[in-house]
Amino acid sequence: MPTNTYDAIIVGSGITGGWAAKELTEKGLNVLILEAGRTIDPGTDYVEHKPIWELKYRNWDSRDERQKVQPVQREVYYACDEYSSKFFVSDVENPYTNVEGTKFSWIRGRQVGGKSITWGRQSYRWSDLDFEANLKEGIAVDWPVRYAEMEPWYGYVEDFAGISGQAEGLPQLPDSHFLPPMEMNCAEIMFRDGLKSHYDDRILTIGRTAILTRVHKGRAACHYCGVCHRGCITQSYFSSLNSTLPAALKTKKLTIRPYSVVQSLAFDSKTRKISGVHVIDAKTKEALEFHARIYFLNAATLESTRILLNSATAEFPDGLCNSSGELGHNLMDHHMGAGASAIMPGHEDKVPFGNRPNGIYLPRFRNVKVKEKDFVRGYGYQGGGSREGWNRGTTMVGIGADFKNTLKTPGPWRMGLGGFGECLPNHANSVKVNKDKLDAWGIPTLTIDCKFRENEHAMSKDIATQAAEMLAAAGGREISMYRDISAPGLGIHEMGTARMGRDPKTSVLNGNNQAWDAKNLFMTDGASMVSSSCVNPSLTYMALTARACDFAVNSMKKNEL
Amino acid sequence: MQRRDVLRLLAVGATIPVLPPSLLAHLREAQEKVSGGNYTLRNLSPAQNTQVAIMTDLIIPETDTPGAKGAKVNEFIDVVLTDWAHDDERQAFLKGLADVNQQSKDLFGKDFVDASPEQQATLLRSIDDAAMAKHQGPRAVRHGNTIPTERDHQLQGPFWDVFKGITVYGYYTSEIGFSKELGLEIMPGAYHGCAPLTEKKA
């Protein structure tokens, strides 16, 4: 075998790259992962148990430095902070441009493990309400898959990843293969019961999360320190670093090459296949080339698309595999920023014990059975209950021993609901290459033109009012409602720009995540999504990846690749 | 060099003849961490530091657990003023301290640090009542997805809001506040949604 040649090359080591590595190596392929960032050493890089008093600024962070180096990344305020800003890219090294009048917050993690180290871990199956929506409403193009085809693959990835949750039997939110659910707390139980007695179309369930509630596949159960995004030395939540990459490495068929920034793919116009990957070594700036029979682009939605846009040829002047003209278009993200919060009176003799790294989920009820007037699609809520803590002391009257003793006891129970709304695919929400602005490795960057439109704004309004109404119905007091729609990107559920489809004229990938224009190229990250649903997408990426790997290896066996 | 190596060197009183600046900084930082009571003030004058320590301890005094002074909140304040604060924030903070001192002189004819504990508490209570009044009533609650409004602005706003804010924050993020006063643990090991309040909290 010539040097730098493998059976398969995977670009990226996050959630989907990790899954591709596990599947392809376990099926016997020699696999190379090209990861743009550094290696992570859990022993020194994970900081979940570092006491806050050991941080110089007690997590106020070196704000001037952070603002200079990571002004976009630190919009993820809860994770890009004094503890774990190291898991996010430098915005100086990785610039991009927003079209004037628009703002897309592009959040990236370049390291072995990618964003799977800091992801929110919420894991939900999509349903035919999602997969059929485009077709039924005549929006964009039809998904080339249906739930029945996805169902076994959901089960397959869940059995490995470990998803805790409660079965509810809802058609719009199919149950997973669950590990035991985490407990709800007093405010959540009160809200759940109130909801049940006032609405026949709405339920509250505990968040479904890729966190182990018991020992699973050699990984330990959660110990409830509650800050998964800083790492997890017991490997109790799913990340490629904790789960799929170790499994792939066990086969001894995986090579991970960090500091490997992929610039472009090479296309052989005779064989109609990808013939190599052009890489720049991030440390030496040396140009390198790697080859394989099949290629998986799993660099995260916009990075995967950027690589294709930067791989233009005479035949594909607007980006490789772009005969449809859809590459770079139909960018989506869940809209957030609307919701409500309330005090839930009572249960003052009860308090949560431990830090549950999970909240509640209130599944979609809009446009499920009845068509709403103002908007199509729907939204779900995440959130949770808690008791107010010592923080309230900063605005509470008083000083002295009484003040201190009051803060020792928690304040009232509070319940919060924040919506995650579906974003429609729109051709105008798009990215293109900007050759005038290069990143730290000399690679052309992206210009992003993306905004939420009428449907998202109408839905956002409903999210806020419905949250407040439900909290009131369940006995909430001092209800505070907010509606301040987020910038797209900040949901960190960016999807689309290389969509799957049934027709090569209107889609980039076929129903197996295989590029119509280069059959040895697969894209199984968020780029491939045809619509955005309102539920978190990562579990669907995992299932699509495992499914595509199965298809790819079967095709290789049949000598079709 | 790992921190523990630095600490070991310090512990045996090693002298290292030529040290690169980065290692010196590391040593200084480690020294600060191990020196306990020997923290060297870098911004507050000794008089200001005494005033700060008394004021923080009046807000959160020693009870069955140490108070703000025991938790060295004044040292956290000095670190923040030295390396984190912008010039205008630092000046406003120091001016706020001077204003409190001036009020003590006007009321009691003495510097704040020389006033009796009762006089000091009386003055701070009156400042607190006036400053906290505007925060009462239903509070706007931040949505979980938006950047906390206080981020980066912890030293901005009226002096008492800033002072009380950093005192409360500094105390409950100290080991004494977190572990001794609140009885919290970093690794609780379990989760119960509705545990009895008497149970050790986490």
# chains A, B, ... in the order shown; residues from 1 in each chain; ligands from 1
>>> residues_around(residues="range 303-310 of chain A", least_positions_apart="4", cutoff="7 Å", atoms="only C-alpha atoms", output="number ranges by chain")
A: 263-264, 297-299, 318-320, 328, 433, 446, 497-498, 527
>>> closest_atom_pairs(of="chain A", to="chain B", cutoff="8 Å", atoms="only C-alpha atoms", output="Markdown table")
| residue | atom | partner | partner_atom | distance |
| --- | --- | --- | --- | --- |
| A:His49 | CA | B:Ile186 | CA | 6.4 |
| A:Pro51 | CA | B:Ile186 | CA | 7.4 |
| A:Ile52 | CA | B:Thr173 | CA | 6.2 |
| A:Trp53 | CA | B:Ser174 | CA | 5.2 |
| A:Lys56 | CA | B:Val79 | CA | 7.9 |
| A:Tyr57 | CA | B:Val80 | CA | 6.9 |
| A:Arg58 | CA | B:Thr173 | CA | 6.9 |
| A:Trp60 | CA | B:Asp152 | CA | 7.2 |
| A:Ser62 | CA | B:Trp84 | CA | 6.9 |
| A:Arg63 | CA | B:Asp152 | CA | 6.5 |
| A:Glu75 | CA | B:Ile147 | CA | 6.7 |
| A:Val76 | CA | B:Ile147 | CA | 7.7 |
| A:Tyr77 | CA | B:Ile147 | CA | 5.8 |
| A:Met182 | CA | B:Tyr191 | CA | 7.8 |
| A:Glu183 | CA | B:Gly193 | CA | 5.7 |
| A:Met184 | CA | B:Gly193 | CA | 5.4 |
| A:Asn185 | CA | B:Gly193 | CA | 3.6 |
| A:Cys186 | CA | B:Cys194 | CA | 5.5 |
| A:Cys222 | CA | B:Gly189 | CA | 7.5 |
| A:His223 | CA | B:Gly189 | CA | 4.1 |
| A:Tyr224 | CA | B:Gly189 | CA | 5.6 |
| A:Cys225 | CA | B:Met187 | CA | 4.8 |
| A:Met336 | CA | B:Asn145 | CA | 7.2 |
| A:Gly337 | CA | B:Asn145 | CA | 6.3 |
| A:Ala338 | CA | B:His143 | CA | 7.8 |
| A:Gly339 | CA | B:His143 | CA | 7.2 |
| A:Ala340 | CA | B:His143 | CA | 7.6 |
| A:Ser341 | CA | B:Val141 | CA | 6.9 |
| A:Glu348 | CA | B:Leu197 | CA | 7.9 |
| A:Asp349 | CA | B:Leu197 | CA | 5.2 |
| A:Lys350 | CA | B:Pro196 | CA | 4.6 |
| A:Val351 | CA | B:Ala195 | CA | 5.2 |
| A:Pro352 | CA | B:Gly193 | CA | 4.5 |
| A:Phe353 | CA | B:His192 | CA | 5.0 |
| A:Gly354 | CA | B:Tyr191 | CA | 4.6 |
| A:Asn355 | CA | B:Tyr191 | CA | 6.6 |
| A:Arg356 | CA | B:Tyr191 | CA | 6.3 |
| A:Gly383 | CA | B:Gly144 | CA | 7.8 |
| A:Trp390 | CA | B:Tyr172 | CA | 7.4 |
| A:Asn391 | CA | B:Tyr169 | CA | 7.4 |
| A:Gly393 | CA | B:Val168 | CA | 6.6 |
| A:Thr394 | CA | B:Gly165 | CA | 4.7 |
| A:Thr395 | CA | B:His135 | CA | 5.9 |
| A:Met396 | CA | B:Met132 | CA | 6.5 |
| A:Val397 | CA | B:Met132 | CA | 5.5 |
| A:Gly398 | CA | B:Asp128 | CA | 6.6 |
| A:Ile399 | CA | B:Ile59 | CA | 4.4 |
| A:Gly400 | CA | B:Ile59 | CA | 4.9 |
| A:Ala401 | CA | B:Pro61 | CA | 6.0 |
| A:Phe403 | CA | B:Ile60 | CA | 7.4 |
| A:Lys404 | CA | B:Ile60 | CA | 5.7 |
| A:Lys408 | CA | B:Leu182 | CA | 6.0 |
| A:Gly416 | CA | B:His143 | CA | 7.9 |
| A:Gly418 | CA | B:His143 | CA | 7.0 |
| A:Glu478 | CA | B:Pro138 | CA | 6.2 |
| A:Ser480 | CA | B:Ala140 | CA | 6.2 |
| A:Tyr482 | CA | B:His143 | CA | 7.3 |
>>> residues_around(residues="Val92 in chain A", least_positions_apart="4", cutoff="12 Å", atoms="only C-alpha atoms", output="PyMOL selection string")
chain A and resi 65-73+88+96+437-441
>>> residues_around(residues="range 112-114 of chain B", least_positions_apart="3", cutoff="10 Å", atoms="only C-alpha atoms", output="MDAnalysis selection string")
chainID B and resid 47:48 50:55 97:98 100:105 107:109 117 119:120 123
>>> residues_around(residues="Pro158 in chain B", least_positions_apart="6", cutoff="10 Å", atoms="only C-alpha atoms", output="ChimeraX atom specification")
/B:92-93,96,131
>>> select_by_dssp(residues="range 465-512 of chain A", states="strand (DSSP E)", output="MDAnalysis selection string")
chainID A and resid 477:483
>>> atom_distance(atom1="CA of Thr409 in chain A", atom2="CA of Arg392 in chain A")
11.2 Å
>>> atom_distance(atom1="CA of Ser164 in chain A", atom2="CA of Met495 in chain A")
24.8 Å
>>> select_by_dssp(residues="range 31-182 of chain A", states="alpha helix (DSSP H)", output="PyMOL selection string")
chain A and resi 42-45+63-69+128-131+133-137+147-161
>>> write_last_selection(atoms="N, CA and C atoms", output="compact mmCIF listing (two decimals), in the first residue's frame")
# COMPACT_ATOMS: atom_id res chain seq x y z
N PRO A 42 -7.32 13.69 28.34
CA PRO A 42 -8.31 13.83 29.41
C PRO A 42 -7.68 14.09 30.78
N GLY A 43 -6.55 13.49 31.03
CA GLY A 43 -5.91 13.64 32.34
C GLY A 43 -5.57 15.09 32.67
N THR A 44 -5.19 15.85 31.65
CA THR A 44 -4.80 17.23 31.93
C THR A 44 -5.79 18.25 31.35
N ASP A 45 -6.50 17.88 30.29
CA ASP A 45 -7.39 18.86 29.65
C ASP A 45 -8.78 18.94 30.28
N ARG A 63 -11.37 38.58 30.69
CA ARG A 63 -12.37 39.05 29.72
C ARG A 63 -11.77 39.78 28.53
N ASP A 64 -10.73 40.61 28.75
CA ASP A 64 -10.18 41.38 27.62
C ASP A 64 -9.51 40.46 26.60
N GLU A 65 -8.76 39.51 27.12
CA GLU A 65 -8.09 38.54 26.25
C GLU A 65 -9.13 37.72 25.48
N ARG A 66 -10.14 37.24 26.21
CA ARG A 66 -11.17 36.41 25.57
C ARG A 66 -11.93 37.19 24.50
N GLN A 67 -12.24 38.42 24.81
CA GLN A 67 -12.99 39.24 23.87
C GLN A 67 -12.16 39.49 22.60
N LYS A 68 -10.85 39.52 22.78
CA LYS A 68 -9.96 39.77 21.64
C LYS A 68 -9.84 38.50 20.79
N VAL A 69 -9.71 37.35 21.44
CA VAL A 69 -9.39 36.12 20.72
C VAL A 69 -10.63 35.31 20.34
N ASP A 128 -41.68 10.93 11.52
CA ASP A 128 -42.19 11.25 10.17
C ASP A 128 -42.85 12.62 10.12
N LEU A 129 -43.24 13.15 11.27
CA LEU A 129 -43.70 14.54 11.28
C LEU A 129 -42.59 15.44 10.72
N ASP A 130 -41.35 15.06 10.99
CA ASP A 130 -40.20 15.80 10.48
C ASP A 130 -39.84 15.38 9.05
N PHE A 131 -39.71 14.07 8.85
CA PHE A 131 -39.22 13.59 7.55
C PHE A 131 -40.21 13.84 6.41
N ALA A 133 -42.39 16.53 6.38
CA ALA A 133 -42.88 17.92 6.40
C ALA A 133 -42.62 18.66 5.09
N ASN A 134 -41.41 18.56 4.56
CA ASN A 134 -41.10 19.30 3.33
C ASN A 134 -42.03 18.88 2.19
N LEU A 135 -42.23 17.58 2.07
CA LEU A 135 -43.08 17.07 0.98
C LEU A 135 -44.51 17.56 1.14
N LYS A 136 -45.04 17.42 2.35
CA LYS A 136 -46.44 17.78 2.59
C LYS A 136 -46.69 19.27 2.39
N GLU A 137 -45.72 20.09 2.74
CA GLU A 137 -45.92 21.54 2.66
C GLU A 137 -45.33 22.14 1.39
N TYR A 147 -38.98 7.52 8.73
CA TYR A 147 -38.66 7.01 10.07
C TYR A 147 -38.45 5.50 10.07
N ALA A 148 -39.24 4.78 9.30
CA ALA A 148 -39.12 3.32 9.31
C ALA A 148 -37.71 2.87 8.91
N GLU A 149 -37.09 3.62 8.00
CA GLU A 149 -35.72 3.26 7.60
C GLU A 149 -34.71 3.68 8.65
N MET A 150 -35.02 4.73 9.38
CA MET A 150 -34.09 5.25 10.38
C MET A 150 -34.17 4.49 11.70
N GLU A 151 -35.34 3.92 11.98
CA GLU A 151 -35.62 3.34 13.29
C GLU A 151 -34.56 2.35 13.77
N PRO A 152 -34.18 1.35 12.92
CA PRO A 152 -33.16 0.42 13.43
C PRO A 152 -31.81 1.09 13.67
N TRP A 153 -31.51 2.12 12.91
CA TRP A 153 -30.22 2.80 13.08
C TRP A 153 -30.22 3.66 14.33
N TYR A 154 -31.38 4.25 14.64
CA TYR A 154 -31.48 4.95 15.93
C TYR A 154 -31.19 3.96 17.07
N GLY A 155 -31.85 2.83 17.02
CA GLY A 155 -31.66 1.83 18.08
C GLY A 155 -30.21 1.39 18.17
N TYR A 156 -29.60 1.23 17.01
CA TYR A 156 -28.21 0.77 16.96
C TYR A 156 -27.27 1.76 17.65
N VAL A 157 -27.41 3.03 17.32
CA VAL A 157 -26.48 4.01 17.92
C VAL A 157 -26.82 4.24 19.40
N GLU A 158 -28.10 4.17 19.74
CA GLU A 158 -28.49 4.36 21.15
C GLU A 158 -27.92 3.26 22.03
N ASP A 159 -27.95 2.03 21.51
CA ASP A 159 -27.46 0.91 22.31
C ASP A 159 -25.99 1.08 22.65
N PHE A 160 -25.24 1.72 21.78
CA PHE A 160 -23.82 1.95 22.07
C PHE A 160 -23.61 3.21 22.91
N ALA A 161 -24.29 4.30 22.50
CA ALA A 161 -24.04 5.59 23.15
C ALA A 161 -24.55 5.61 24.58
>>> residues_around(residues="range 271-282 of chain A", least_positions_apart="5", cutoff="6 Å", atoms="only C-alpha atoms", output="tab-separated table (two decimals) with C-alpha atoms, in the first residue's frame")
chain	number	residue	atom	x	y	z
A	259	TYR	CA	-3.08	19.31	13.34
A	260	SER	CA	-4.24	18.31	9.86
A	261	VAL	CA	-6.17	21.16	8.31
A	262	VAL	CA	-7.99	19.98	5.22
A	263	GLN	CA	-7.79	22.53	2.45
A	264	SER	CA	-9.60	20.74	-0.35
A	265	LEU	CA	-10.43	17.45	-2.03
A	266	ALA	CA	-9.03	16.34	-5.37
A	287	ALA	CA	1.34	20.75	2.33
A	288	LEU	CA	0.48	17.05	2.40
A	289	GLU	CA	-1.73	14.70	0.42
A	290	PHE	CA	-3.61	11.61	1.54
A	291	HIS	CA	-5.52	9.03	-0.46
A	518	ALA	CA	-18.62	11.63	-6.58
A	520	ASN	CA	-16.89	7.62	-3.04
>>> residues_around(residues="range 448-463 of chain A", least_positions_apart="2", cutoff="7 Å", atoms="only C-alpha atoms", output="VMD selection string")
chain A and resid 97 to 99 102 to 104 338 to 339 374 to 376 419 423 429 to 432 446 465 to 467 483 485 488
>>> write_last_selection(atoms="N, CA and C atoms", output="tab-separated table (two decimals), in the first residue's frame")
chain	number	residue	atom	x	y	z
A	97	THR	N	-17.05	35.95	7.62
A	97	THR	CA	-17.69	37.24	7.40
A	97	THR	C	-19.20	37.06	7.37
A	98	ASN	N	-19.90	37.96	8.02
A	98	ASN	CA	-21.36	37.98	7.89
A	98	ASN	C	-21.73	39.04	6.86
A	99	VAL	N	-22.69	38.72	5.99
A	99	VAL	CA	-23.20	39.72	5.06
A	99	VAL	C	-23.81	40.85	5.88
A	102	THR	N	-26.82	40.99	8.59
A	102	THR	CA	-27.13	39.66	9.12
A	102	THR	C	-26.08	39.30	10.16
A	103	LYS	N	-26.43	38.33	11.01
A	103	LYS	CA	-25.46	37.85	11.99
A	103	LYS	C	-25.65	36.36	12.18
A	104	PHE	N	-24.63	35.60	11.91
A	104	PHE	CA	-24.62	34.17	12.19
A	104	PHE	C	-23.45	33.93	13.14
A	338	ALA	N	-36.78	32.60	23.25
A	338	ALA	CA	-38.12	32.88	23.72
A	338	ALA	C	-38.50	31.86	24.78
A	339	GLY	N	-39.20	32.31	25.80
A	339	GLY	CA	-39.60	31.40	26.86
A	339	GLY	C	-40.17	32.15	28.03
A	374	ASP	N	-50.68	30.84	12.23
A	374	ASP	CA	-49.60	31.79	12.01
A	374	ASP	C	-48.30	31.22	11.45
A	375	PHE	N	-48.09	29.94	11.63
A	375	PHE	CA	-46.80	29.40	11.20
A	375	PHE	C	-46.91	27.90	10.95
A	376	VAL	N	-45.94	27.39	10.17
A	376	VAL	CA	-45.84	25.94	9.98
A	376	VAL	C	-44.77	25.40	10.92
A	419	GLY	N	-37.69	27.82	24.47
A	419	GLY	CA	-38.08	27.12	23.26
A	419	GLY	C	-36.91	26.87	22.31
A	423	CYS	N	-36.48	25.75	12.03
A	423	CYS	CA	-36.13	26.80	11.07
A	423	CYS	C	-36.35	26.22	9.68
A	429	ASN	N	-30.65	31.51	2.63
A	429	ASN	CA	-29.75	31.37	3.78
A	429	ASN	C	-28.57	30.53	3.33
A	430	SER	N	-27.42	31.17	3.14
A	430	SER	CA	-26.37	30.50	2.38
A	430	SER	C	-24.97	30.96	2.79
A	431	VAL	N	-24.00	30.21	2.29
A	431	VAL	CA	-22.59	30.58	2.49
A	431	VAL	C	-21.88	30.54	1.15
A	432	LYS	N	-20.86	31.37	1.02
A	432	LYS	CA	-19.98	31.26	-0.15
A	432	LYS	C	-18.55	31.54	0.27
A	446	LEU	N	-15.34	31.68	4.81
A	446	LEU	CA	-16.74	31.74	4.37
A	446	LEU	C	-17.33	33.11	4.62
A	465	THR	N	-45.50	33.22	24.60
A	465	THR	CA	-46.82	33.32	25.23
A	465	THR	C	-47.30	31.96	25.74
A	466	GLN	N	-47.02	30.90	25.00
A	466	GLN	CA	-47.44	29.58	25.45
A	466	GLN	C	-46.69	29.16	26.71
A	467	ALA	N	-45.41	29.49	26.79
A	467	ALA	CA	-44.64	29.15	27.99
A	467	ALA	C	-45.25	29.84	29.21
A	483	ARG	N	-38.85	37.34	24.92
A	483	ARG	CA	-38.85	37.01	23.49
A	483	ARG	C	-37.78	37.84	22.83
A	485	ILE	N	-35.29	36.72	20.01
A	485	ILE	CA	-34.84	35.60	19.17
A	485	ILE	C	-33.32	35.64	19.00
A	488	PRO	N	-28.97	33.25	14.46
A	488	PRO	CA	-28.75	31.89	13.97
A	488	PRO	C	-27.28	31.49	14.18
>>> closest_residue(among="A:Ala210, A:Met523, A:Val227, A:Leu254", to="Leu302 in chain A", atoms="only C-alpha atoms")
A:Met523
>>> atom_distance(atom1="CA of Leu561 in chain A", atom2="CA of Ala247 in chain A")
25.4 Å
>>> decode(residues="range 96-128 of chain B", atoms="C-alpha atoms", output="compact mmCIF listing (two decimals), in the first residue's frame")
# COMPACT_ATOMS: atom_id res chain seq x y z
CA GLY B 96 -16.43 54.31 46.52
CA LEU B 97 -14.25 53.17 49.40
CA ALA B 98 -13.16 56.76 50.00
CA ASP B 99 -16.81 57.89 49.95
CA VAL B 100 -17.71 55.35 52.63
CA ASN B 101 -14.79 56.60 54.66
CA GLN B 102 -15.90 60.20 54.20
CA GLN B 103 -19.42 59.34 55.33
CA SER B 104 -17.93 57.77 58.46
CA LYS B 105 -15.98 60.96 59.14
CA ASP B 106 -19.07 63.10 58.60
CA LEU B 107 -21.24 60.93 60.83
CA PHE B 108 -18.84 59.72 63.51
CA GLY B 109 -15.84 62.03 63.21
CA LYS B 110 -13.57 59.05 62.51
CA ASP B 111 -12.18 57.06 59.64
CA PHE B 112 -14.32 54.02 58.87
CA VAL B 113 -11.71 51.60 60.22
CA ASP B 114 -11.59 53.50 63.50
CA ALA B 115 -15.35 53.66 64.00
CA SER B 116 -16.96 51.20 66.41
CA PRO B 117 -18.35 47.97 64.94
CA GLU B 118 -21.86 49.27 65.72
CA GLN B 119 -21.17 52.51 63.88
CA GLN B 120 -19.68 50.65 60.94
CA ALA B 121 -22.69 48.33 60.72
CA THR B 122 -25.14 51.22 61.03
CA LEU B 123 -23.47 53.07 58.18
CA LEU B 124 -23.35 50.03 55.90
CA ARG B 125 -26.98 49.14 56.66
CA SER B 126 -28.14 52.57 55.64
CA ILE B 127 -26.10 52.40 52.44
CA ASP B 128 -27.45 48.89 51.78
